[in-house]
$ cat my_file_38.cif   # mmCIF, C-alpha atoms
data_structure
#
loop_
_atom_site.group_PDB
_atom_site.id
_atom_site.type_symbol
_atom_site.label_atom_id
_atom_site.label_comp_id
_atom_site.auth_asym_id
_atom_site.auth_seq_id
_atom_site.Cartn_x
_atom_site.Cartn_y
_atom_site.Cartn_z
ATOM 1 C CA MET A 1 -7.180 -45.275 -31.121
ATOM 2 C CA SER A 2 -7.294 -47.648 -33.986
ATOM 3 C CA THR A 3 -7.633 -50.998 -32.321
ATOM 4 C CA ALA A 4 -11.008 -51.543 -33.941
ATOM 5 C CA ARG A 5 -11.389 -54.771 -35.852
ATOM 6 C CA ALA A 6 -12.607 -54.302 -39.369
ATOM 7 C CA LEU A 7 -14.016 -56.969 -41.654
ATOM 8 C CA ILE A 8 -14.242 -56.257 -45.333
ATOM 9 C CA ASN A 9 -15.592 -58.323 -48.152
ATOM 10 C CA VAL A 10 -14.364 -57.607 -51.674
ATOM 11 C CA PRO A 11 -14.167 -60.207 -54.442
ATOM 12 C CA ALA A 12 -10.530 -61.107 -55.151
ATOM 13 C CA THR A 13 -11.134 -61.254 -58.871
ATOM 14 C CA ALA A 14 -13.654 -59.725 -61.229
ATOM 15 C CA ARG A 15 -14.194 -59.160 -64.919
ATOM 16 C CA ARG A 16 -13.786 -55.616 -66.179
ATOM 17 C CA GLY A 17 -17.136 -53.858 -66.128
ATOM 18 C CA ASP A 18 -18.702 -56.182 -63.562
ATOM 19 C CA ILE A 19 -20.631 -54.601 -60.731
ATOM 20 C CA ILE A 20 -19.101 -55.968 -57.534
ATOM 21 C CA ASP A 21 -20.629 -55.924 -54.072
ATOM 22 C CA ILE A 22 -18.570 -54.574 -51.214
ATOM 23 C CA LYS A 23 -19.304 -55.065 -47.531
ATOM 24 C CA ALA A 24 -17.543 -53.405 -44.631
ATOM 25 C CA LEU A 25 -18.040 -53.986 -40.915
ATOM 26 C CA ILE A 26 -16.050 -52.411 -38.103
ATOM 27 C CA SER A 27 -16.165 -52.980 -34.362
ATOM 28 C CA HIS A 28 -17.212 -49.800 -32.582
ATOM 29 C CA GLU A 29 -19.649 -49.111 -29.739
ATOM 30 C CA MET A 30 -21.213 -46.074 -31.439
ATOM 31 C CA GLU A 31 -22.056 -44.475 -28.087
ATOM 32 C CA THR A 32 -24.941 -42.179 -28.942
ATOM 33 C CA GLY A 33 -24.401 -39.403 -26.414
ATOM 34 C CA PHE A 34 -28.036 -39.705 -25.337
ATOM 35 C CA ARG A 35 -27.488 -42.274 -22.609
ATOM 36 C CA ARG A 36 -26.774 -41.633 -18.939
ATOM 37 C CA THR A 37 -25.130 -43.691 -16.230
ATOM 38 C CA GLN A 38 -27.131 -44.843 -13.213
ATOM 39 C CA LEU A 39 -25.960 -41.683 -11.440
ATOM 40 C CA GLY A 40 -27.491 -39.571 -14.184
ATOM 41 C CA VAL A 41 -24.207 -38.473 -15.684
ATOM 42 C CA PRO A 42 -24.493 -38.138 -19.471
ATOM 43 C CA ILE A 43 -22.222 -40.510 -21.378
ATOM 44 C CA PRO A 44 -20.444 -38.438 -24.030
ATOM 45 C CA ARG A 45 -20.960 -39.226 -27.679
ATOM 46 C CA ASP A 46 -18.330 -41.456 -29.248
ATOM 47 C CA ILE A 47 -19.239 -42.496 -32.762
ATOM 48 C CA ILE A 48 -17.705 -43.034 -36.163
ATOM 49 C CA THR A 49 -18.812 -40.064 -38.218
ATOM 50 C CA GLN A 50 -17.435 -40.787 -41.648
ATOM 51 C CA PHE A 51 -16.583 -43.666 -43.933
ATOM 52 C CA VAL A 52 -14.778 -43.267 -47.246
ATOM 53 C CA CYS A 53 -14.011 -45.960 -49.798
ATOM 54 C CA THR A 54 -11.429 -45.357 -52.509
ATOM 55 C CA TYR A 55 -10.564 -47.452 -55.557
ATOM 56 C CA ASN A 56 -6.933 -46.902 -56.570
ATOM 57 C CA GLY A 57 -7.065 -43.571 -54.800
ATOM 58 C CA ALA A 58 -10.306 -42.294 -56.340
ATOM 59 C CA GLU A 59 -13.274 -41.954 -54.038
ATOM 60 C CA ILE A 60 -16.146 -44.225 -55.026
ATOM 61 C CA PHE A 61 -18.374 -44.151 -51.948
ATOM 62 C CA ARG A 62 -18.773 -42.160 -48.775
ATOM 63 C CA ALA A 63 -21.137 -42.396 -45.813
ATOM 64 C CA GLU A 64 -21.817 -39.928 -43.017
ATOM 65 C CA PHE A 65 -22.923 -41.595 -39.806
ATOM 66 C CA HIS A 66 -25.037 -40.201 -36.986
ATOM 67 C CA PRO A 67 -25.782 -41.735 -33.569
ATOM 68 C CA ALA A 68 -28.695 -43.616 -35.141
ATOM 69 C CA ILE A 69 -26.263 -46.047 -36.752
ATOM 70 C CA ALA A 70 -26.135 -49.318 -34.851
ATOM 71 C CA ALA A 71 -23.062 -50.453 -32.958
ATOM 72 C CA ASN A 72 -20.425 -52.110 -35.146
ATOM 73 C CA PRO A 73 -21.393 -50.157 -38.266
ATOM 74 C CA PHE A 74 -22.084 -52.267 -41.316
ATOM 75 C CA LEU A 75 -22.203 -51.015 -44.878
ATOM 76 C CA ALA A 76 -22.981 -52.710 -48.150
ATOM 77 C CA PHE A 77 -22.559 -50.946 -51.483
ATOM 78 C CA SER A 78 -21.311 -51.638 -54.992
ATOM 79 C CA THR A 79 -18.835 -50.454 -57.559
ATOM 80 C CA ILE A 80 -17.829 -51.240 -61.126
ATOM 81 C CA ALA A 81 -14.619 -53.246 -61.431
ATOM 82 C CA THR A 82 -12.515 -50.983 -63.641
ATOM 83 C CA GLU A 83 -8.924 -52.091 -63.106
ATOM 84 C CA SER A 84 -6.734 -54.197 -60.865
ATOM 85 C CA GLY A 85 -5.566 -52.475 -57.743
ATOM 86 C CA THR A 86 -6.506 -51.644 -54.206
ATOM 87 C CA ILE A 87 -9.841 -50.821 -52.668
ATOM 88 C CA ALA A 88 -9.226 -48.919 -49.440
ATOM 89 C CA PHE A 89 -11.598 -48.238 -46.563
ATOM 90 C CA HIS A 90 -11.198 -45.436 -44.085
ATOM 91 C CA TRP A 91 -13.309 -44.736 -41.016
ATOM 92 C CA THR A 92 -12.955 -41.599 -38.905
ATOM 93 C CA GLY A 93 -14.853 -40.494 -35.841
ATOM 94 C CA ASP A 94 -15.046 -38.831 -32.455
ATOM 95 C CA ASN A 95 -12.041 -38.691 -30.129
ATOM 96 C CA GLY A 96 -9.627 -38.967 -33.008
ATOM 97 C CA PHE A 97 -10.883 -42.361 -34.132
ATOM 98 C CA SER A 98 -9.274 -43.521 -37.339
ATOM 99 C CA ALA A 99 -9.098 -46.942 -38.937
ATOM 100 C CA THR A 100 -7.970 -48.095 -42.350
ATOM 101 C CA GLU A 101 -8.345 -51.386 -44.171
ATOM 102 C CA SER A 102 -7.691 -52.367 -47.753
ATOM 103 C CA ALA A 103 -8.207 -55.221 -50.169
ATOM 104 C CA ALA A 104 -6.575 -56.107 -53.456
ATOM 105 C CA ILE A 105 -8.699 -56.845 -56.488
ATOM 106 C CA SER A 106 -7.520 -58.351 -59.714
ATOM 107 C CA VAL A 107 -9.586 -57.357 -62.745
ATOM 108 C CA ALA A 108 -9.262 -59.378 -65.902
ATOM 109 C CA MET B 1 -45.263 -34.422 -59.665
ATOM 110 C CA ARG B 2 -48.220 -36.640 -59.062
ATOM 111 C CA ALA B 3 -50.278 -36.408 -55.932
ATOM 112 C CA ALA B 4 -49.316 -38.952 -53.336
ATOM 113 C CA GLY B 5 -50.653 -39.804 -49.925
ATOM 114 C CA GLY B 6 -48.793 -40.104 -46.688
ATOM 115 C CA ILE B 7 -46.058 -38.134 -45.059
ATOM 116 C CA VAL B 8 -43.984 -37.564 -48.145
ATOM 117 C CA ALA B 9 -46.766 -35.686 -49.887
ATOM 118 C CA GLY B 10 -46.896 -33.444 -46.846
ATOM 119 C CA ILE B 11 -43.182 -32.761 -47.114
ATOM 120 C CA ALA B 12 -43.459 -31.995 -50.795
ATOM 121 C CA LEU B 13 -46.295 -29.565 -50.190
ATOM 122 C CA ASP B 14 -44.441 -27.881 -47.350
ATOM 123 C CA SER B 15 -41.293 -27.395 -49.299
ATOM 124 C CA ALA B 16 -43.194 -26.148 -52.322
ATOM 125 C CA THR B 17 -45.274 -23.584 -50.501
ATOM 126 C CA GLN B 18 -43.107 -22.566 -47.576
ATOM 127 C CA PRO B 19 -39.588 -21.214 -47.928
ATOM 128 C CA VAL B 20 -36.901 -23.001 -45.968
ATOM 129 C CA ALA B 21 -35.945 -19.685 -44.391
ATOM 130 C CA ALA B 22 -39.175 -19.734 -42.426
ATOM 131 C CA ALA B 23 -38.388 -23.107 -40.919
ATOM 132 C CA GLU B 24 -34.837 -22.039 -40.147
ATOM 133 C CA ALA B 25 -36.080 -18.860 -38.488
ATOM 134 C CA ALA B 26 -38.488 -20.870 -36.364
ATOM 135 C CA ILE B 27 -35.651 -23.091 -35.219
ATOM 136 C CA THR B 28 -33.351 -20.225 -34.261
ATOM 137 C CA ARG B 29 -36.179 -18.492 -32.414
ATOM 138 C CA ALA B 30 -36.806 -21.619 -30.399
ATOM 139 C CA ALA B 31 -33.155 -21.923 -29.407
ATOM 140 C CA PRO B 32 -31.224 -18.675 -29.252
ATOM 141 C CA GLY B 33 -28.149 -20.481 -27.888
ATOM 142 C CA ALA B 34 -25.240 -21.818 -29.896
ATOM 143 C CA ARG B 35 -26.768 -25.274 -30.272
ATOM 144 C CA PRO B 36 -30.059 -25.332 -32.128
ATOM 145 C CA ALA B 37 -33.003 -27.107 -30.578
ATOM 146 C CA VAL B 38 -33.707 -30.669 -31.585
ATOM 147 C CA LEU B 39 -34.805 -30.585 -35.177
ATOM 148 C CA SER B 40 -37.967 -32.286 -36.235
ATOM 149 C CA MET B 41 -37.685 -34.708 -39.119
ATOM 150 C CA LEU B 42 -39.495 -32.336 -41.463
ATOM 151 C CA GLU B 43 -37.165 -29.479 -40.577
ATOM 152 C CA ALA B 44 -34.141 -31.690 -41.122
ATOM 153 C CA ILE B 45 -35.474 -32.776 -44.505
ATOM 154 C CA GLN B 46 -36.138 -29.182 -45.520
ATOM 155 C CA ARG B 47 -32.610 -28.212 -44.550
ATOM 156 C CA THR B 48 -31.263 -31.010 -46.702
ATOM 157 C CA VAL B 49 -33.331 -30.417 -49.819
ATOM 158 C CA GLY B 50 -33.492 -26.624 -49.650
ATOM 159 C CA GLY B 51 -36.581 -25.323 -51.368
ATOM 160 C CA THR B 52 -36.737 -28.157 -53.879
ATOM 161 C CA SER B 53 -39.912 -30.209 -53.953
ATOM 162 C CA ILE B 54 -39.680 -33.913 -53.271
ATOM 163 C CA ASN B 55 -41.195 -36.433 -55.639
ATOM 164 C CA LYS B 56 -42.529 -39.782 -54.573
ATOM 165 C CA GLY B 57 -41.170 -42.852 -56.322
ATOM 166 C CA ARG B 58 -37.928 -44.219 -57.796
ATOM 167 C CA VAL B 59 -36.654 -44.918 -54.266
ATOM 168 C CA LYS B 60 -37.342 -48.124 -52.373
ATOM 169 C CA LEU B 61 -36.599 -48.059 -48.661
ATOM 170 C CA GLU B 62 -36.482 -51.545 -47.194
ATOM 171 C CA LEU B 63 -36.983 -52.018 -43.475
ATOM 172 C CA PRO B 64 -38.737 -54.791 -41.602
ATOM 173 C CA PRO B 65 -42.312 -53.718 -40.780
ATOM 174 C CA LEU B 66 -42.025 -55.182 -37.272
ATOM 175 C CA VAL B 67 -38.792 -54.833 -35.323
ATOM 176 C CA GLU B 68 -38.192 -56.738 -32.110
ATOM 177 C CA ASN B 69 -34.955 -54.990 -31.183
ATOM 178 C CA GLY B 70 -34.489 -51.369 -32.180
ATOM 179 C CA ASN B 71 -30.774 -51.491 -31.407
ATOM 180 C CA THR B 72 -29.941 -53.024 -34.735
ATOM 181 C CA VAL B 73 -32.298 -52.880 -37.675
ATOM 182 C CA GLY B 74 -31.255 -53.761 -41.203
ATOM 183 C CA LEU B 75 -31.974 -50.955 -43.652
ATOM 184 C CA ALA B 76 -31.542 -51.010 -47.419
ATOM 185 C CA VAL B 77 -32.211 -48.356 -50.026
ATOM 186 C CA ARG B 78 -32.511 -49.041 -53.735
ATOM 187 C CA VAL B 79 -32.994 -46.341 -56.322
ATOM 188 C CA ASP B 80 -34.253 -46.779 -59.841
ATOM 189 C CA SER B 81 -31.419 -45.043 -61.710
ATOM 190 C CA PRO B 82 -29.238 -45.981 -64.702
ATOM 191 C CA MET B 83 -26.179 -44.705 -62.758
ATOM 192 C CA THR B 84 -24.554 -43.173 -65.826
ATOM 193 C CA PRO B 85 -22.364 -40.048 -65.637
ATOM 194 C CA ALA B 86 -25.315 -38.077 -67.053
ATOM 195 C CA ASP B 87 -27.994 -39.542 -64.794
ATOM 196 C CA HIS B 88 -27.054 -40.971 -61.432
ATOM 197 C CA VAL B 89 -27.759 -40.847 -57.737
ATOM 198 C CA LYS B 90 -25.596 -38.318 -55.923
ATOM 199 C CA ALA B 91 -26.719 -38.962 -52.378
ATOM 200 C CA ILE B 92 -29.205 -40.881 -50.286
ATOM 201 C CA HIS B 93 -30.283 -39.374 -46.969
ATOM 202 C CA VAL B 94 -32.174 -41.319 -44.310
ATOM 203 C CA PHE B 95 -34.260 -39.587 -41.651
ATOM 204 C CA SER B 96 -36.024 -40.804 -38.555
ATOM 205 C CA GLU B 97 -39.183 -39.312 -37.106
ATOM 206 C CA LYS B 98 -38.822 -40.207 -33.427
ATOM 207 C CA ASN B 99 -35.151 -40.845 -32.709
ATOM 208 C CA PRO B 100 -33.460 -38.175 -30.553
ATOM 209 C CA GLN B 101 -32.046 -36.726 -33.777
ATOM 210 C CA PRO B 102 -33.710 -36.841 -37.196
ATOM 211 C CA TYR B 103 -30.492 -37.615 -39.086
ATOM 212 C CA VAL B 104 -29.652 -41.284 -39.519
ATOM 213 C CA VAL B 105 -27.149 -41.611 -42.344
ATOM 214 C CA THR B 106 -26.116 -40.052 -45.630
ATOM 215 C CA PHE B 107 -24.636 -42.131 -48.442
ATOM 216 C CA ARG B 108 -22.764 -40.357 -51.224
ATOM 217 C CA LEU B 109 -22.266 -42.284 -54.406
ATOM 218 C CA GLY B 110 -21.822 -41.709 -58.114
ATOM 219 C CA PRO B 111 -21.784 -43.372 -61.517
ATOM 220 C CA ARG B 112 -18.949 -45.683 -60.443
ATOM 221 C CA ALA B 113 -21.331 -47.455 -58.087
ATOM 222 C CA GLY B 114 -22.875 -49.262 -61.061
ATOM 223 C CA ARG B 115 -26.163 -49.652 -59.277
ATOM 224 C CA ALA B 116 -27.807 -47.517 -56.634
ATOM 225 C CA SER B 117 -28.221 -49.982 -53.817
ATOM 226 C CA VAL B 118 -26.877 -49.517 -50.316
ATOM 227 C CA ALA B 119 -27.475 -51.135 -46.941
ATOM 228 C CA THR B 120 -26.571 -50.552 -43.325
ATOM 229 C CA ARG B 121 -27.922 -51.190 -39.811
ATOM 230 C CA VAL B 122 -29.632 -48.494 -37.795
ATOM 231 C CA ARG B 123 -31.095 -47.822 -34.351
ATOM 232 C CA LEU B 124 -34.764 -47.006 -33.931
ATOM 233 C CA ALA B 125 -35.886 -45.470 -30.632
ATOM 234 C CA ASP B 126 -39.608 -45.935 -31.150
ATOM 235 C CA THR B 127 -42.369 -47.042 -33.482
ATOM 236 C CA GLN B 128 -42.091 -44.461 -36.217
ATOM 237 C CA THR B 129 -41.793 -43.450 -39.841
ATOM 238 C CA VAL B 130 -38.407 -43.637 -41.533
ATOM 239 C CA VAL B 131 -37.862 -41.595 -44.693
ATOM 240 C CA ALA B 132 -35.241 -42.040 -47.406
ATOM 241 C CA ILE B 133 -34.579 -39.079 -49.702
ATOM 242 C CA CYS B 134 -32.541 -39.545 -52.833
ATOM 243 C CA GLU B 135 -30.701 -36.698 -54.526
ATOM 244 C CA MET B 136 -30.223 -37.184 -58.276
ATOM 245 C CA SER B 137 -27.503 -35.698 -60.463
ATOM 246 C CA ASP B 138 -30.106 -33.439 -62.119
ATOM 247 C CA GLY B 139 -30.898 -31.891 -58.728
ATOM 248 C CA SER B 140 -34.264 -33.583 -58.233
ATOM 249 C CA PHE B 141 -35.232 -35.303 -54.989
ATOM 250 C CA TRP B 142 -37.195 -38.532 -54.651
ATOM 251 C CA SER B 143 -38.385 -40.229 -51.521
ATOM 252 C CA ASP B 144 -39.892 -43.273 -49.906
ATOM 253 C CA SER B 145 -41.095 -43.785 -46.364
ATOM 254 C CA VAL B 146 -41.755 -46.855 -44.238
ATOM 255 C CA ASN B 147 -43.676 -47.220 -41.006
ATOM 256 C CA VAL B 148 -41.836 -49.440 -38.556
ATOM 257 C CA VAL B 149 -43.284 -50.926 -35.385
ATOM 258 C CA VAL B 150 -40.567 -51.299 -32.744
ATOM 259 C CA THR B 151 -41.281 -53.517 -29.753
ATOM 260 C CA LEU B 152 -37.972 -53.043 -27.896
ATOM 261 C CA ALA B 153 -36.602 -49.549 -28.433
ATOM 262 C CA ALA B 154 -32.941 -48.749 -28.922
ATOM 263 C CA CYS B 155 -31.741 -47.821 -25.461
ATOM 264 C CA THR B 156 -31.428 -44.128 -24.782
ATOM 265 C CA GLU B 157 -31.923 -44.575 -21.036
ATOM 266 C CA GLU B 158 -29.397 -45.374 -18.327
ATOM 267 C CA LEU B 159 -26.963 -48.236 -18.433
#

$ encode --input "my_file_38.cif" --output "structure tokens"
Amino acid sequence: MSTARALINVPATARRGDIIDIKALISHEMETGFRRTQLGVPIPRDIITQFVCTYNGAEIFRAEFHPAIAANPFLAFSTIATESGTIAFHWTGDNGFSATESAAISVA
Amino acid sequence: MRAAGGIVAGIALDSATQPVAAAEAAITRAAPGARPAVLSMLEAIQRTVGGTSINKGRVKLELPPLVENGNTVGLAVRVDSPMTPADHVKAIHVFSEKNPQPYVVTFRLGPRAGRASVATRVRLADTQTVVAICEMSDGSFWSDSVNVVVTLAACTEEL
């Protein structure tokens, strides 16, 4: 299951040493596991549990999610623009959820 | 560590005077099964920080004081840190007092972040205190807490 839509926001260009802001949003219900149907049947948990961001393969940021994260998890963080390359985003979660997105950055 | 009022001072005192093992033992006694009972926020914080005391300051947790819809609440954490290889923020943990689980989110960052500032959106099940605990590279812990009034809770009831 990787039909989730992901939106990422990374500046296309930056000067070396600049601190750049990164935003990542992914569509996901984040079913908490605490809700029940009208018949009282518990709805099983189905959430994204982990987010990892890598910059040219090196991990720069990671987040561990719990059911208290709102649907369509949003993250904003920062990194130092060190070199041109690829910033990659990887979400994993319950029921084998996995999604990947990436953006190119050119650092002058 | 200077004296500080509010819930965080309580946490700091607890963790300074009471070993974590005691809290852990209390939890396992309460739930002998495989799954531990629902942790309280203070227990969850103690498990995260170990026996280390928590200082107040350096961390700024930003949440709206009044929330109309607990299903999506913007949350930001800023930490006063130079973010150098020698002195940086290793992790930021966020805890909730009255959600079904105390854990909300953990951010792990390092000197490459440039500045210690993160944001996300969370669910809040009730009017409560939210605590952010920051783990520094030198092993110290710093915290901030915010009281949030929630008028429409995040839904934990039936569909």

$ interface_residues --input "my_file_38.cif" --of "chain A" --to "chain B" --cutoff "8 Å" --atoms "all atoms listed in the file" --output "list in words"
Ile19, Thr32, Phe34, Arg35, Arg36, Thr37, Gln38, Gly40, Ile60, Phe61, Arg62, Ala63, Glu64, Phe65, His66, Pro67, Ala68, Ile69, Ala70, Ala71, Pro73, Phe74, Leu75, Ala76, Phe77, Ser78, Thr79 and Ile80 of chain A

$ resolve_selection --input "my_file_38.cif" --expression "the PyMOL selection byres ((chain A and resi 31) around 6)" --output "ChimeraX atom specification"
/A:29-30,32-33,45-47

$ resolve_selection --input "my_file_38.cif" --expression "the PyMOL selection byres ((chain B and resi 141) around 8)" --output "PyMOL selection string"
chain B and resi 49+52-55+133-136+139-140+142-143

$ resolve_selection --input "my_file_38.cif" --expression "the PyMOL selection byres ((chain A and resi 57) around 10)" --output "list in words"
Cys53, Thr54, Tyr55, Asn56, Ala58, Glu59, Ile60, Gly85, Thr86, Ile87 and Ala88 of chain A

$ atom_distance --input "my_file_38.cif" --atom1 "CA of Ala103 in chain A" --atom2 "CA of Phe51 in chain A"
15.6 Å

$ residues_around --input "my_file_38.cif" --residues "Lys60 in chain B" --least-positions-apart "2" --cutoff "7 Å" --atoms "all atoms listed in the file" --output "PyMOL selection string"
chain B and resi 58+62+77-79+144

$ residues_near_point --input "my_file_38.cif" --point "(-6.0, -58.6, -52.6)" --cutoff "12 Å" --atoms "only C-alpha atoms" --output "PyMOL selection string"
chain A and resi 8-14+84-88+101-107

$ write_last_selection --input "my_file_38.cif" --atoms "C-alpha atoms" --output "PDB file, keeping the file's coordinate frame"
ATOM      1  CA  ILE A   8     -14.242 -56.257 -45.333  1.00  0.00           C
ATOM      2  CA  ASN A   9     -15.592 -58.323 -48.152  1.00  0.00           C
ATOM      3  CA  VAL A  10     -14.364 -57.607 -51.674  1.00  0.00           C
ATOM      4  CA  PRO A  11     -14.167 -60.207 -54.442  1.00  0.00           C
ATOM      5  CA  ALA A  12     -10.530 -61.107 -55.151  1.00  0.00           C
ATOM      6  CA  THR A  13     -11.134 -61.254 -58.871  1.00  0.00           C
ATOM      7  CA  ALA A  14     -13.654 -59.725 -61.229  1.00  0.00           C
ATOM      8  CA  SER A  84      -6.734 -54.197 -60.865  1.00  0.00           C
ATOM      9  CA  GLY A  85      -5.566 -52.475 -57.743  1.00  0.00           C
ATOM     10  CA  THR A  86      -6.506 -51.644 -54.206  1.00  0.00           C
ATOM     11  CA  ILE A  87      -9.841 -50.821 -52.668  1.00  0.00           C
ATOM     12  CA  ALA A  88      -9.226 -48.919 -49.440  1.00  0.00           C
ATOM     13  CA  GLU A 101      -8.345 -51.386 -44.171  1.00  0.00           C
ATOM     14  CA  SER A 102      -7.691 -52.367 -47.753  1.00  0.00           C
ATOM     15  CA  ALA A 103      -8.207 -55.221 -50.169  1.00  0.00           C
ATOM     16  CA  ALA A 104      -6.575 -56.107 -53.456  1.00  0.00           C
ATOM     17  CA  ILE A 105      -8.699 -56.845 -56.488  1.00  0.00           C
ATOM     18  CA  SER A 106      -7.520 -58.351 -59.714  1.00  0.00           C
ATOM     19  CA  VAL A 107      -9.586 -57.357 -62.745  1.00  0.00           C
TER      20      VAL A 107
END

$ atom_distance --input "my_file_38.cif" --atom1 "CA of Arg47 in chain B" --atom2 "CA of His88 in chain B"
21.9 Å

$ closest_residue --input "my_file_38.cif" --among "B:Ser81, B:Asn69, B:Thr129, B:Thr48" --to "Val150 in chain B" --atoms "only C-alpha atoms"
B:Asn69

$ atom_distance --input "my_file_38.cif" --atom1 "CA of Thr49 in chain A" --atom2 "CA of Trp91 in chain A"
7.7 Å

$ axis_aligned_box --input "my_file_38.cif" --around "range 34-47 of chain A" --padding-each-side "8 Å" --output "lines of an AutoDock Vina configuration file"
center_x = -23.2
center_y = -41.5
center_z = -22.1
size_x = 25.7
size_y = 22.7
size_z = 37.3

$ build_atoms --input "my_file_38.cif" --residues "range 22-38 of chain A" --atoms "N, CA and C atoms" --output "short mmCIF file (atom, residue, chain, number, x, y, z; two decimals), keeping the file's coordinate frame"
data_model
loop_
_atom_site.label_atom_id
_atom_site.label_comp_id
_atom_site.auth_asym_id
_atom_site.auth_seq_id
_atom_site.Cartn_x
_atom_site.Cartn_y
_atom_site.Cartn_z
N ILE A 22 -19.57 -54.80 -52.25
CA ILE A 22 -18.57 -54.57 -51.21
C ILE A 22 -19.29 -54.47 -49.88
N LYS A 23 -18.74 -55.16 -48.88
CA LYS A 23 -19.30 -55.06 -47.53
C LYS A 23 -18.21 -54.69 -46.56
N ALA A 24 -18.52 -53.85 -45.61
CA ALA A 24 -17.54 -53.40 -44.63
C ALA A 24 -18.20 -53.34 -43.26
N LEU A 25 -17.53 -53.95 -42.28
CA LEU A 25 -18.04 -53.99 -40.92
C LEU A 25 -16.88 -53.62 -40.00
N ILE A 26 -17.12 -52.78 -39.02
CA ILE A 26 -16.05 -52.41 -38.10
C ILE A 26 -16.58 -52.46 -36.68
N SER A 27 -15.73 -52.91 -35.76
CA SER A 27 -16.16 -52.98 -34.36
C SER A 27 -16.07 -51.59 -33.75
N HIS A 28 -17.18 -51.11 -33.23
CA HIS A 28 -17.21 -49.80 -32.58
C HIS A 28 -18.52 -49.70 -31.80
N GLU A 29 -18.45 -49.17 -30.59
CA GLU A 29 -19.65 -49.11 -29.74
C GLU A 29 -20.70 -48.14 -30.26
N MET A 30 -20.28 -47.10 -30.96
CA MET A 30 -21.21 -46.07 -31.44
C MET A 30 -22.05 -45.55 -30.27
N GLU A 31 -21.36 -45.05 -29.25
CA GLU A 31 -22.06 -44.48 -28.09
C GLU A 31 -22.80 -43.22 -28.53
N THR A 32 -24.11 -43.20 -28.29
CA THR A 32 -24.94 -42.18 -28.94
C THR A 32 -24.78 -40.78 -28.35
N GLY A 33 -24.42 -40.71 -27.08
CA GLY A 33 -24.40 -39.40 -26.41
C GLY A 33 -25.74 -39.07 -25.78
N PHE A 34 -26.72 -39.95 -25.94
CA PHE A 34 -28.04 -39.70 -25.34
C PHE A 34 -28.25 -40.53 -24.08
N ARG A 35 -27.30 -41.41 -23.77
CA ARG A 35 -27.49 -42.27 -22.61
C ARG A 35 -26.86 -41.64 -21.37
N ARG A 36 -27.33 -42.09 -20.21
CA ARG A 36 -26.77 -41.63 -18.94
C ARG A 36 -26.39 -42.84 -18.10
N THR A 37 -25.46 -42.63 -17.18
CA THR A 37 -25.13 -43.69 -16.23
C THR A 37 -26.22 -43.75 -15.18
N GLN A 38 -26.13 -44.72 -14.27
CA GLN A 38 -27.13 -44.84 -13.21
C GLN A 38 -27.14 -43.62 -12.31
#
